[in-house]
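All remarks here apply to the structure that follows.
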Amino acid sequence: MSEAITVTGIILSSMPVGEADRRIVLLTKELGKISAFAKGARRQSSALIGLTRPFIFGEFQVYVGRNSYTIYKAQAKEYFENLVTDLDAICYGYYFAEIADYYSRENLDATELINLLYISLKALLKDQIPNSLIRCIYELRMIAINGECPDFFTCLKCKREDNIYLYSARTNGVYCKDCAKDIYDGIVLSKDVLYTLQYIVTMPLTKLYNFVLNDETLTILKKVVNCLENTCFDKKFKSKDMILE
């Protein structure tokens, strides 16, 4: 068997295999997204029995096989226990994990994805911010990390940076008030919505979840983010059906 390596990451999904094993999808800083087997992890006597469920964040020691990885030891740093006991929060958590799985690849640096997922799961545990706002922030920042986000600072037509007025899903860009006269399928952006969009895509991750919005601003933000989903996501996420908004 090959030499073991230690990786830091978060479990995106876990499923039973055979009589006592588990197959997990692990998002790691060192190896990107990997699939790994935890042999005997479903046995009561296994040291891995409580360490192979979704959302466990920690260090995992794995053997690198010819076609797969095998976990033989794990040390959790965060269990997210309160998340798995909150039905509404856990639905969002599964959705966030599915998006992270969608965007991640093996051997690609996943540090920023892990950090975003981690702080977003933490945000779901707080009562100060509505889950629907957390969802918008997470999706928009994930899209931005992967280079698919429109430039919310510059008019797509004339390149002006002032008086931004409208977002068009058809062209996936924003327009100043003068250029918006020729756009018939857009979403009008208030100053608060525009600032929120700009804030989400540029602020450090540590400052993402420190604000709330009034109902009107949140409604428009959701419309924009929903349009971005349709543009950027080429699959239907099953876990989103569990979210009630």
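Identifiers for the structure tokens are assigned positionally: chains receive A, B, ... in sequence, residues are indexed from 1 per chain, and ligands are indexed from 1 in the order shown.
Once Gly65 (chain A) and its same-chain neighbours fewer than 6 positions away are set aside, A:Met1, A:Ser2, A:Glu3, A:Ala4, A:Ile5, A:Ile34, A:Ser35, A:Ala36, A:Phe37, A:Ile71 remain within 12 Å of it when counting only C-alpha atoms.
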Can you write out the residues you just picked, keeping N, CA and C atoms, as a compact mmCIF listing (two decimals), in the first residue's frame?
```txt
# COMPACT_ATOMS: atom_id res chain seq x y z
N MET A 1 0.85 -1.20 0.00
CA MET A 1 0.00 0.00 0.00
C MET A 1 0.88 1.25 0.00
N SER A 2 0.47 2.27 -0.69
CA SER A 2 1.25 3.50 -0.79
C SER A 2 1.29 4.25 0.53
N GLU A 3 2.20 5.20 0.61
CA GLU A 3 2.34 6.00 1.83
C GLU A 3 1.13 6.89 2.03
N ALA A 4 0.76 7.08 3.29
CA ALA A 4 -0.41 7.90 3.61
C ALA A 4 -0.05 9.38 3.52
N ILE A 5 -1.05 10.18 3.14
CA ILE A 5 -0.90 11.63 3.16
C ILE A 5 -2.04 12.23 3.96
N ILE A 34 -11.98 14.75 -4.12
CA ILE A 34 -11.62 13.34 -4.29
C ILE A 34 -12.76 12.46 -3.76
N SER A 35 -12.83 11.26 -4.29
CA SER A 35 -13.70 10.23 -3.74
C SER A 35 -12.83 9.28 -2.93
N ALA A 36 -13.32 8.89 -1.78
CA ALA A 36 -12.52 8.03 -0.91
C ALA A 36 -13.42 7.01 -0.22
N PHE A 37 -12.86 5.84 0.03
CA PHE A 37 -13.58 4.79 0.73
C PHE A 37 -13.12 4.75 2.18
N ILE A 71 -9.56 6.25 3.22
CA ILE A 71 -9.38 6.95 4.49
C ILE A 71 -9.12 5.92 5.59
```
**OP:** Quick one: pick out all strand (DSSP E or B) residues within region 25-244 of chain A from a backbone DSSP run and write them as a ChimeraX atom specification.
**Re:** /A:25-28,32-38,57-64,69-78,106,155,164-168,173-176,186-188
Original post:
Smallest atom-to-atom distance to Tyr175 (chain A): which of A:Ile114, A:Phe153, A:Ser190, A:Pro16, using only C-alpha atoms?
Top reply: A:Phe153
Report as a tab-separated table (two decimals) with all heavy atoms, in the first residue's frame all protein, DNA and RNA residues lying within 12 Å of Tyr79 (chain A), evaluated on only C-alpha atoms, omitting residues in the same chain fewer than 5 positions from it.
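See out.tsv below for the written result:
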```tsv
chain	number	residue	atom	x	y	z
A	10	ILE	N	-13.48	19.11	3.80
A	10	ILE	CA	-14.84	18.99	4.30
A	10	ILE	C	-15.57	17.93	3.46
A	10	ILE	O	-15.39	17.87	2.24
A	10	ILE	CB	-15.56	20.34	4.26
A	10	ILE	CG1	-16.92	20.27	4.95
A	10	ILE	CG2	-15.69	20.87	2.84
A	10	ILE	CD1	-17.52	21.65	5.22
A	11	ILE	N	-16.37	17.11	4.12
A	11	ILE	CA	-17.10	16.05	3.43
A	11	ILE	C	-18.35	16.65	2.77
A	11	ILE	O	-19.18	17.25	3.44
A	11	ILE	CB	-17.49	14.93	4.40
A	11	ILE	CG1	-16.23	14.25	4.95
A	11	ILE	CG2	-18.38	13.89	3.71
A	11	ILE	CD1	-16.51	13.18	5.99
A	50	GLY	N	-18.25	8.08	13.37
A	50	GLY	CA	-18.84	9.41	13.49
A	50	GLY	C	-18.11	10.48	12.70
A	50	GLY	O	-18.39	11.67	12.85
A	51	LEU	N	-17.21	10.04	11.82
A	51	LEU	CA	-16.35	10.99	11.13
A	51	LEU	C	-16.48	10.94	9.62
A	51	LEU	O	-15.66	11.52	8.91
A	51	LEU	CB	-14.88	10.72	11.51
A	51	LEU	CG	-14.54	10.87	12.99
A	51	LEU	CD1	-13.14	10.35	13.27
A	51	LEU	CD2	-14.66	12.34	13.41
A	52	THR	N	-17.52	10.27	9.12
A	52	THR	CA	-17.66	10.14	7.67
A	52	THR	C	-19.02	10.61	7.17
A	52	THR	O	-19.47	10.22	6.10
A	52	THR	CB	-17.43	8.67	7.25
A	52	THR	OG1	-18.32	7.82	7.98
A	52	THR	CG2	-16.00	8.25	7.48
A	53	ARG	N	-19.69	11.46	7.92
A	53	ARG	CA	-20.97	12.01	7.46
A	53	ARG	C	-20.73	13.38	6.82
A	53	ARG	O	-19.69	14.01	7.02
A	53	ARG	CB	-21.96	12.12	8.62
A	53	ARG	CG	-21.57	13.10	9.70
A	53	ARG	CD	-22.75	13.42	10.59
A	53	ARG	NE	-22.39	14.28	11.70
A	53	ARG	CZ	-22.19	15.59	11.60
A	53	ARG	NH1	-22.26	16.19	10.42
A	53	ARG	NH2	-21.89	16.30	12.67
A	54	PRO	N	-21.69	13.87	6.04
A	54	PRO	CA	-21.53	15.18	5.40
A	54	PRO	C	-21.29	16.31	6.41
A	54	PRO	O	-21.78	16.26	7.54
A	54	PRO	CB	-22.87	15.38	4.67
A	54	PRO	CG	-23.35	14.01	4.41
A	54	PRO	CD	-22.93	13.20	5.61
A	55	PHE	N	-20.52	17.28	5.96
A	55	PHE	CA	-20.22	18.53	6.67
A	55	PHE	C	-19.12	18.39	7.73
A	55	PHE	O	-18.77	19.39	8.35
A	55	PHE	CB	-21.47	19.16	7.30
A	55	PHE	CG	-22.63	19.24	6.37
A	55	PHE	CD1	-23.83	18.62	6.65
A	55	PHE	CD2	-22.53	19.92	5.16
A	55	PHE	CE1	-24.91	18.67	5.78
A	55	PHE	CE2	-23.59	19.99	4.28
A	55	PHE	CZ	-24.78	19.36	4.58
A	56	ILE	N	-18.59	17.20	7.95
A	56	ILE	CA	-17.45	17.08	8.85
A	56	ILE	C	-16.28	17.81	8.23
A	56	ILE	O	-15.90	17.56	7.08
A	56	ILE	CB	-17.07	15.60	9.09
A	56	ILE	CG1	-18.18	14.87	9.84
A	56	ILE	CG2	-15.75	15.50	9.85
A	56	ILE	CD1	-18.30	15.24	11.30
A	57	PHE	N	-15.69	18.72	8.99
A	57	PHE	CA	-14.51	19.45	8.53
A	57	PHE	C	-13.34	19.05	9.42
A	57	PHE	O	-13.47	19.03	10.65
A	57	PHE	CB	-14.73	20.96	8.62
A	57	PHE	CG	-13.48	21.76	8.34
A	57	PHE	CD1	-13.04	21.96	7.04
A	57	PHE	CD2	-12.74	22.31	9.38
A	57	PHE	CE1	-11.89	22.69	6.79
A	57	PHE	CE2	-11.60	23.05	9.14
A	57	PHE	CZ	-11.16	23.24	7.83
A	58	GLY	N	-12.22	18.72	8.80
A	58	GLY	CA	-11.08	18.31	9.62
A	58	GLY	C	-9.91	17.83	8.79
A	58	GLY	O	-9.78	18.15	7.60
A	84	VAL	N	-27.10	19.79	11.54
A	84	VAL	CA	-27.79	18.56	11.17
A	84	VAL	C	-29.05	18.33	11.99
A	84	VAL	O	-29.84	17.43	11.68
A	84	VAL	CB	-26.85	17.33	11.27
A	84	VAL	CG1	-25.69	17.47	10.32
A	84	VAL	CG2	-26.36	17.14	12.71
A	85	THR	N	-29.27	19.12	13.02
A	85	THR	CA	-30.51	19.00	13.81
A	85	THR	C	-31.54	20.06	13.44
A	85	THR	O	-32.64	20.07	13.99
A	85	THR	CB	-30.20	19.11	15.31
A	85	THR	OG1	-29.56	20.37	15.59
A	85	THR	CG2	-29.27	17.98	15.77
A	118	TYR	N	-17.43	26.69	4.28
A	118	TYR	CA	-17.32	26.64	5.74
A	118	TYR	C	-18.03	27.83	6.39
A	118	TYR	O	-18.86	27.65	7.30
A	118	TYR	CB	-15.85	26.61	6.15
A	118	TYR	CG	-15.63	26.53	7.64
A	118	TYR	CD1	-15.54	25.30	8.28
A	118	TYR	CD2	-15.47	27.68	8.42
A	118	TYR	CE1	-15.32	25.20	9.64
A	118	TYR	CE2	-15.26	27.61	9.78
A	118	TYR	CZ	-15.19	26.36	10.39
A	118	TYR	OH	-14.98	26.29	11.75
A	121	LEU	N	-21.88	27.62	5.94
A	121	LEU	CA	-22.52	26.69	6.89
A	121	LEU	C	-22.59	27.31	8.28
A	121	LEU	O	-23.58	27.15	8.99
A	121	LEU	CB	-21.74	25.37	6.93
A	121	LEU	CG	-21.74	24.54	5.63
A	121	LEU	CD1	-20.88	23.29	5.81
A	121	LEU	CD2	-23.15	24.16	5.21
A	122	LYS	N	-21.55	28.03	8.66
A	122	LYS	CA	-21.55	28.73	9.95
A	122	LYS	C	-22.66	29.77	9.98
A	122	LYS	O	-23.34	29.95	11.00
A	122	LYS	CB	-20.20	29.40	10.18
A	122	LYS	CG	-19.08	28.47	10.64
A	122	LYS	CD	-19.28	28.07	12.09
A	122	LYS	CE	-18.08	27.36	12.65
A	122	LYS	NZ	-18.27	26.95	14.07
```
Name the residues of region 10-207 of chain A that come out as alpha helix (DSSP H) in a backbone DSSP run; write them as a CSV table (one decimal) with N, CA, C and O atoms, in the first residue's frame.
```
chain,number,residue,atom,x,y,z
A,81,GLU,N,-22.8,20.1,14.3
A,81,GLU,CA,-23.8,19.3,15.0
A,81,GLU,C,-25.2,20.0,15.0
A,81,GLU,O,-26.2,19.4,14.7
A,82,ASN,N,-25.2,21.3,15.2
A,82,ASN,CA,-26.4,22.1,15.3
A,82,ASN,C,-27.0,22.2,13.9
A,82,ASN,O,-28.3,22.3,13.7
A,83,LEU,N,-26.2,22.1,12.8
A,83,LEU,CA,-26.7,22.2,11.5
A,83,LEU,C,-27.6,21.0,11.2
A,83,LEU,O,-28.7,21.1,10.6
A,84,VAL,N,-27.1,19.8,11.5
A,84,VAL,CA,-27.8,18.6,11.2
A,84,VAL,C,-29.1,18.3,12.0
A,84,VAL,O,-29.8,17.4,11.7
A,87,LEU,N,-33.8,21.2,10.4
A,87,LEU,CA,-34.3,20.8,9.1
A,87,LEU,C,-34.1,21.8,8.0
A,87,LEU,O,-33.7,21.4,6.9
A,88,ASP,N,-34.4,23.0,8.3
A,88,ASP,CA,-34.3,24.1,7.3
A,88,ASP,C,-32.9,24.3,6.9
A,88,ASP,O,-32.5,24.3,5.7
A,89,ALA,N,-32.0,24.4,7.9
A,89,ALA,CA,-30.6,24.7,7.7
A,89,ALA,C,-29.9,23.5,7.0
A,89,ALA,O,-29.1,23.7,6.1
A,90,ILE,N,-30.3,22.3,7.3
A,90,ILE,CA,-29.6,21.2,6.7
A,90,ILE,C,-30.0,21.1,5.2
A,90,ILE,O,-29.2,20.7,4.4
A,91,CYS,N,-31.2,21.5,4.8
A,91,CYS,CA,-31.6,21.5,3.4
A,91,CYS,C,-30.7,22.5,2.6
A,91,CYS,O,-30.2,22.2,1.5
A,92,TYR,N,-30.5,23.7,3.2
A,92,TYR,CA,-29.6,24.6,2.6
A,92,TYR,C,-28.1,24.1,2.5
A,92,TYR,O,-27.4,24.2,1.6
A,93,GLY,N,-27.7,23.4,3.6
A,93,GLY,CA,-26.4,22.8,3.7
A,93,GLY,C,-26.1,21.8,2.6
A,93,GLY,O,-25.1,21.8,1.9
A,94,TYR,N,-27.1,20.9,2.4
A,94,TYR,CA,-27.0,20.0,1.3
A,94,TYR,C,-26.9,20.6,-0.1
A,94,TYR,O,-26.1,20.2,-1.0
A,95,TYR,N,-27.7,21.7,-0.2
A,95,TYR,CA,-27.6,22.4,-1.5
A,95,TYR,C,-26.3,23.1,-1.7
A,95,TYR,O,-25.7,23.0,-2.8
A,96,PHE,N,-25.8,23.7,-0.7
A,96,PHE,CA,-24.4,24.4,-0.8
A,96,PHE,C,-23.4,23.3,-1.1
A,96,PHE,O,-22.5,23.6,-1.9
A,97,ALA,N,-23.4,22.2,-0.5
A,97,ALA,CA,-22.5,21.1,-0.7
A,97,ALA,C,-22.6,20.6,-2.2
A,97,ALA,O,-21.5,20.3,-2.8
A,98,GLU,N,-23.8,20.5,-2.7
A,98,GLU,CA,-24.0,20.1,-4.1
A,98,GLU,C,-23.4,21.1,-5.1
A,98,GLU,O,-22.8,20.7,-6.1
A,99,ILE,N,-23.5,22.3,-4.8
A,99,ILE,CA,-22.9,23.4,-5.7
A,99,ILE,C,-21.4,23.3,-5.6
A,99,ILE,O,-20.7,23.4,-6.6
A,100,ALA,N,-20.8,23.1,-4.4
A,100,ALA,CA,-19.4,23.0,-4.2
A,100,ALA,C,-18.9,21.7,-5.0
A,100,ALA,O,-17.8,21.8,-5.7
A,101,ASP,N,-19.6,20.6,-5.0
A,101,ASP,CA,-19.3,19.4,-5.7
A,101,ASP,C,-19.3,19.7,-7.2
A,101,ASP,O,-18.4,19.3,-8.0
A,102,TYR,N,-20.3,20.5,-7.7
A,102,TYR,CA,-20.4,20.8,-9.1
A,102,TYR,C,-19.2,21.6,-9.6
A,102,TYR,O,-18.7,21.4,-10.7
A,103,TYR,N,-18.7,22.5,-8.8
A,103,TYR,CA,-17.7,23.4,-9.3
A,103,TYR,C,-16.2,22.9,-9.0
A,103,TYR,O,-15.3,23.3,-9.7
A,111,THR,N,-9.0,25.7,-1.9
A,111,THR,CA,-9.0,26.5,-0.6
A,111,THR,C,-10.1,27.5,-0.5
A,111,THR,O,-10.8,27.6,0.5
A,112,GLU,N,-10.3,28.3,-1.5
A,112,GLU,CA,-11.3,29.3,-1.5
A,112,GLU,C,-12.7,28.7,-1.4
A,112,GLU,O,-13.6,29.2,-0.8
A,113,LEU,N,-12.9,27.6,-2.2
A,113,LEU,CA,-14.3,27.0,-2.1
A,113,LEU,C,-14.5,26.4,-0.7
A,113,LEU,O,-15.7,26.5,-0.2
A,114,ILE,N,-13.5,25.8,-0.1
A,114,ILE,CA,-13.7,25.2,1.2
A,114,ILE,C,-14.0,26.4,2.2
A,114,ILE,O,-14.9,26.2,3.0
A,115,ASN,N,-13.3,27.4,2.1
A,115,ASN,CA,-13.5,28.6,3.1
A,115,ASN,C,-14.9,29.2,2.9
A,115,ASN,O,-15.6,29.5,3.9
A,116,LEU,N,-15.3,29.3,1.6
A,116,LEU,CA,-16.7,29.8,1.4
A,116,LEU,C,-17.7,28.9,1.9
A,116,LEU,O,-18.7,29.3,2.6
A,117,LEU,N,-17.6,27.6,1.7
A,117,LEU,CA,-18.6,26.7,2.2
A,117,LEU,C,-18.6,26.6,3.7
A,117,LEU,O,-19.7,26.6,4.3
A,118,TYR,N,-17.4,26.7,4.3
A,118,TYR,CA,-17.3,26.6,5.7
A,118,TYR,C,-18.0,27.8,6.4
A,118,TYR,O,-18.9,27.7,7.3
A,119,ILE,N,-17.7,29.0,5.9
A,119,ILE,CA,-18.3,30.2,6.6
A,119,ILE,C,-19.8,30.3,6.2
A,119,ILE,O,-20.6,30.9,7.0
A,120,SER,N,-20.2,29.7,5.1
A,120,SER,CA,-21.7,29.7,4.8
A,120,SER,C,-22.5,28.8,5.7
A,120,SER,O,-23.6,29.1,6.1
A,121,LEU,N,-21.9,27.6,5.9
A,121,LEU,CA,-22.5,26.7,6.9
A,121,LEU,C,-22.6,27.3,8.3
A,121,LEU,O,-23.6,27.2,9.0
A,122,LYS,N,-21.5,28.0,8.7
A,122,LYS,CA,-21.6,28.7,10.0
A,122,LYS,C,-22.7,29.8,10.0
A,122,LYS,O,-23.3,29.9,11.0
A,123,ALA,N,-22.8,30.5,8.9
A,123,ALA,CA,-23.9,31.5,8.8
A,123,ALA,C,-25.3,30.9,9.0
A,123,ALA,O,-26.2,31.6,9.5
A,124,LEU,N,-25.5,29.7,8.5
A,124,LEU,CA,-26.8,29.1,8.6
A,124,LEU,C,-27.1,28.8,10.1
A,124,LEU,O,-28.3,28.6,10.4
A,131,ASN,N,-31.9,32.7,5.8
A,131,ASN,CA,-31.3,31.7,5.0
A,131,ASN,C,-31.4,32.0,3.5
A,131,ASN,O,-30.5,31.6,2.7
A,132,SER,N,-32.5,32.6,3.1
A,132,SER,CA,-32.6,33.0,1.7
A,132,SER,C,-31.5,34.0,1.3
A,132,SER,O,-31.0,34.0,0.1
A,133,LEU,N,-31.1,34.9,2.2
A,133,LEU,CA,-30.0,35.8,1.9
A,133,LEU,C,-28.7,35.1,1.8
A,133,LEU,O,-27.9,35.4,1.0
A,134,ILE,N,-28.5,34.2,2.8
A,134,ILE,CA,-27.3,33.4,2.8
A,134,ILE,C,-27.1,32.6,1.5
A,134,ILE,O,-26.1,32.6,0.9
A,135,ARG,N,-28.3,32.1,1.0
A,135,ARG,CA,-28.2,31.4,-0.3
A,135,ARG,C,-27.8,32.3,-1.4
A,135,ARG,O,-27.0,31.9,-2.2
A,136,CYS,N,-28.3,33.5,-1.5
A,136,CYS,CA,-28.0,34.4,-2.6
A,136,CYS,C,-26.5,34.8,-2.5
A,136,CYS,O,-25.8,34.8,-3.5
A,137,ILE,N,-26.0,35.0,-1.3
A,137,ILE,CA,-24.6,35.4,-1.1
A,137,ILE,C,-23.7,34.2,-1.5
A,137,ILE,O,-22.7,34.4,-2.3
A,138,TYR,N,-24.0,33.0,-1.1
A,138,TYR,CA,-23.2,31.9,-1.4
A,138,TYR,C,-23.2,31.6,-2.9
A,138,TYR,O,-22.1,31.4,-3.5
A,139,GLU,N,-24.3,31.6,-3.5
A,139,GLU,CA,-24.4,31.3,-5.0
A,139,GLU,C,-23.6,32.4,-5.8
A,139,GLU,O,-22.8,32.0,-6.7
A,140,LEU,N,-23.9,33.6,-5.5
A,140,LEU,CA,-23.2,34.7,-6.2
A,140,LEU,C,-21.7,34.7,-6.0
A,140,LEU,O,-20.9,34.8,-7.0
A,141,ARG,N,-21.2,34.5,-4.8
A,141,ARG,CA,-19.8,34.4,-4.6
A,141,ARG,C,-19.2,33.2,-5.2
A,141,ARG,O,-18.1,33.2,-5.8
A,142,MET,N,-19.9,32.1,-5.2
A,142,MET,CA,-19.4,30.9,-5.9
A,142,MET,C,-19.2,31.1,-7.4
A,142,MET,O,-18.2,30.7,-8.0
A,143,ILE,N,-20.2,31.7,-8.0
A,143,ILE,CA,-20.2,32.0,-9.4
A,143,ILE,C,-19.0,33.0,-9.7
A,143,ILE,O,-18.3,32.8,-10.7
A,144,ALA,N,-18.8,34.0,-8.8
A,144,ALA,CA,-17.7,34.9,-9.0
A,144,ALA,C,-16.3,34.2,-8.8
A,144,ALA,O,-15.4,34.5,-9.6
A,145,ILE,N,-16.2,33.3,-7.9
A,145,ILE,CA,-14.9,32.6,-7.7
A,145,ILE,C,-14.6,31.8,-9.0
A,145,ILE,O,-13.4,31.7,-9.4
A,191,LYS,N,-30.1,51.5,-5.9
A,191,LYS,CA,-28.7,51.7,-5.4
A,191,LYS,C,-28.3,50.6,-4.4
A,191,LYS,O,-27.2,50.2,-4.3
A,192,ASP,N,-29.3,50.3,-3.5
A,192,ASP,CA,-29.0,49.3,-2.5
A,192,ASP,C,-28.7,47.9,-3.1
A,192,ASP,O,-27.8,47.2,-2.6
A,193,VAL,N,-29.5,47.5,-4.1
A,193,VAL,CA,-29.3,46.2,-4.7
A,193,VAL,C,-27.9,46.2,-5.4
A,193,VAL,O,-27.1,45.2,-5.3
A,194,LEU,N,-27.6,47.3,-6.2
A,194,LEU,CA,-26.3,47.4,-6.9
A,194,LEU,C,-25.2,47.3,-5.9
A,194,LEU,O,-24.2,46.5,-6.2
A,195,TYR,N,-25.2,48.0,-4.9
A,195,TYR,CA,-24.2,48.0,-3.9
A,195,TYR,C,-24.0,46.6,-3.3
A,195,TYR,O,-22.9,46.1,-3.1
A,196,THR,N,-25.1,46.0,-3.0
A,196,THR,CA,-25.1,44.6,-2.4
A,196,THR,C,-24.4,43.6,-3.4
A,196,THR,O,-23.6,42.8,-3.0
A,197,LEU,N,-24.7,43.7,-4.7
A,197,LEU,CA,-24.1,42.8,-5.7
A,197,LEU,C,-22.6,43.1,-5.7
A,197,LEU,O,-21.8,42.1,-5.7
A,198,GLN,N,-22.2,44.3,-5.7
A,198,GLN,CA,-20.8,44.7,-5.8
A,198,GLN,C,-20.1,44.3,-4.5
A,198,GLN,O,-18.9,43.8,-4.6
A,199,TYR,N,-20.7,44.4,-3.4
A,199,TYR,CA,-20.2,44.0,-2.1
A,199,TYR,C,-19.9,42.5,-2.1
A,199,TYR,O,-18.8,42.1,-1.7
A,200,ILE,N,-20.9,41.7,-2.5
A,200,ILE,CA,-20.8,40.3,-2.4
A,200,ILE,C,-19.6,39.7,-3.2
A,200,ILE,O,-18.9,38.8,-2.8
A,201,VAL,N,-19.4,40.3,-4.4
A,201,VAL,CA,-18.4,39.7,-5.3
A,201,VAL,C,-17.0,40.2,-5.0
A,201,VAL,O,-16.0,39.7,-5.5
A,202,THR,N,-16.8,41.3,-4.1
A,202,THR,CA,-15.5,41.8,-3.9
A,202,THR,C,-15.0,41.8,-2.5
A,202,THR,O,-13.8,41.8,-2.2
```
Original post:
Which residues, written as number ranges by chain, have at least one atom at most 12 Å from Asp162 (chain A), with only C-alpha atoms counted and residues fewer than 2 positions away on the same chain left out?
Top reply: A: 152-156, 158-160, 164-166, 174-179, 191, 194
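Of note, CA of Asp151 (chain A) and CA of Gly173 (chain A) are spaced 6.6 Å apart.
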**OP:** Can you work out which one of A:Glu59, A:Asp234, A:Glu148, A:Glu106 has the shortest atom-to-atom distance to Thr8 (chain A), counting only C-alpha atoms?
**Re:**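 The answer is A:Glu59, which sits nearest to Thr8 (chain A).
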Original post:
Looking at A:Leu48, A:Gly40, A:Arg23, A:Met203, which one is nearest to Ser68 (chain A), with distances taken over only C-alpha atoms?
Top reply: A:Arg23
Original post:
So, counting only C-alpha atoms, which residue among A:Val212, A:Thr231, A:Val17, A:Lys207 is closest to Thr171 (chain A)?
Top reply: A:Thr231
**OP:** Find the distance between CA of Met15 (chain A) and CA of Ala47 (chain A) and write it in Å to one decimal.
**Re:**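 Pair CA of Met15 (chain A) / CA of Ala47 (chain A) returns 17.3 Å.
Considering only C-alpha atoms, the residue among A:Lys223, A:Lys238, A:Arg42, A:Lys157 positioned nearest to Gly186 (chain A) is A:Lys223.
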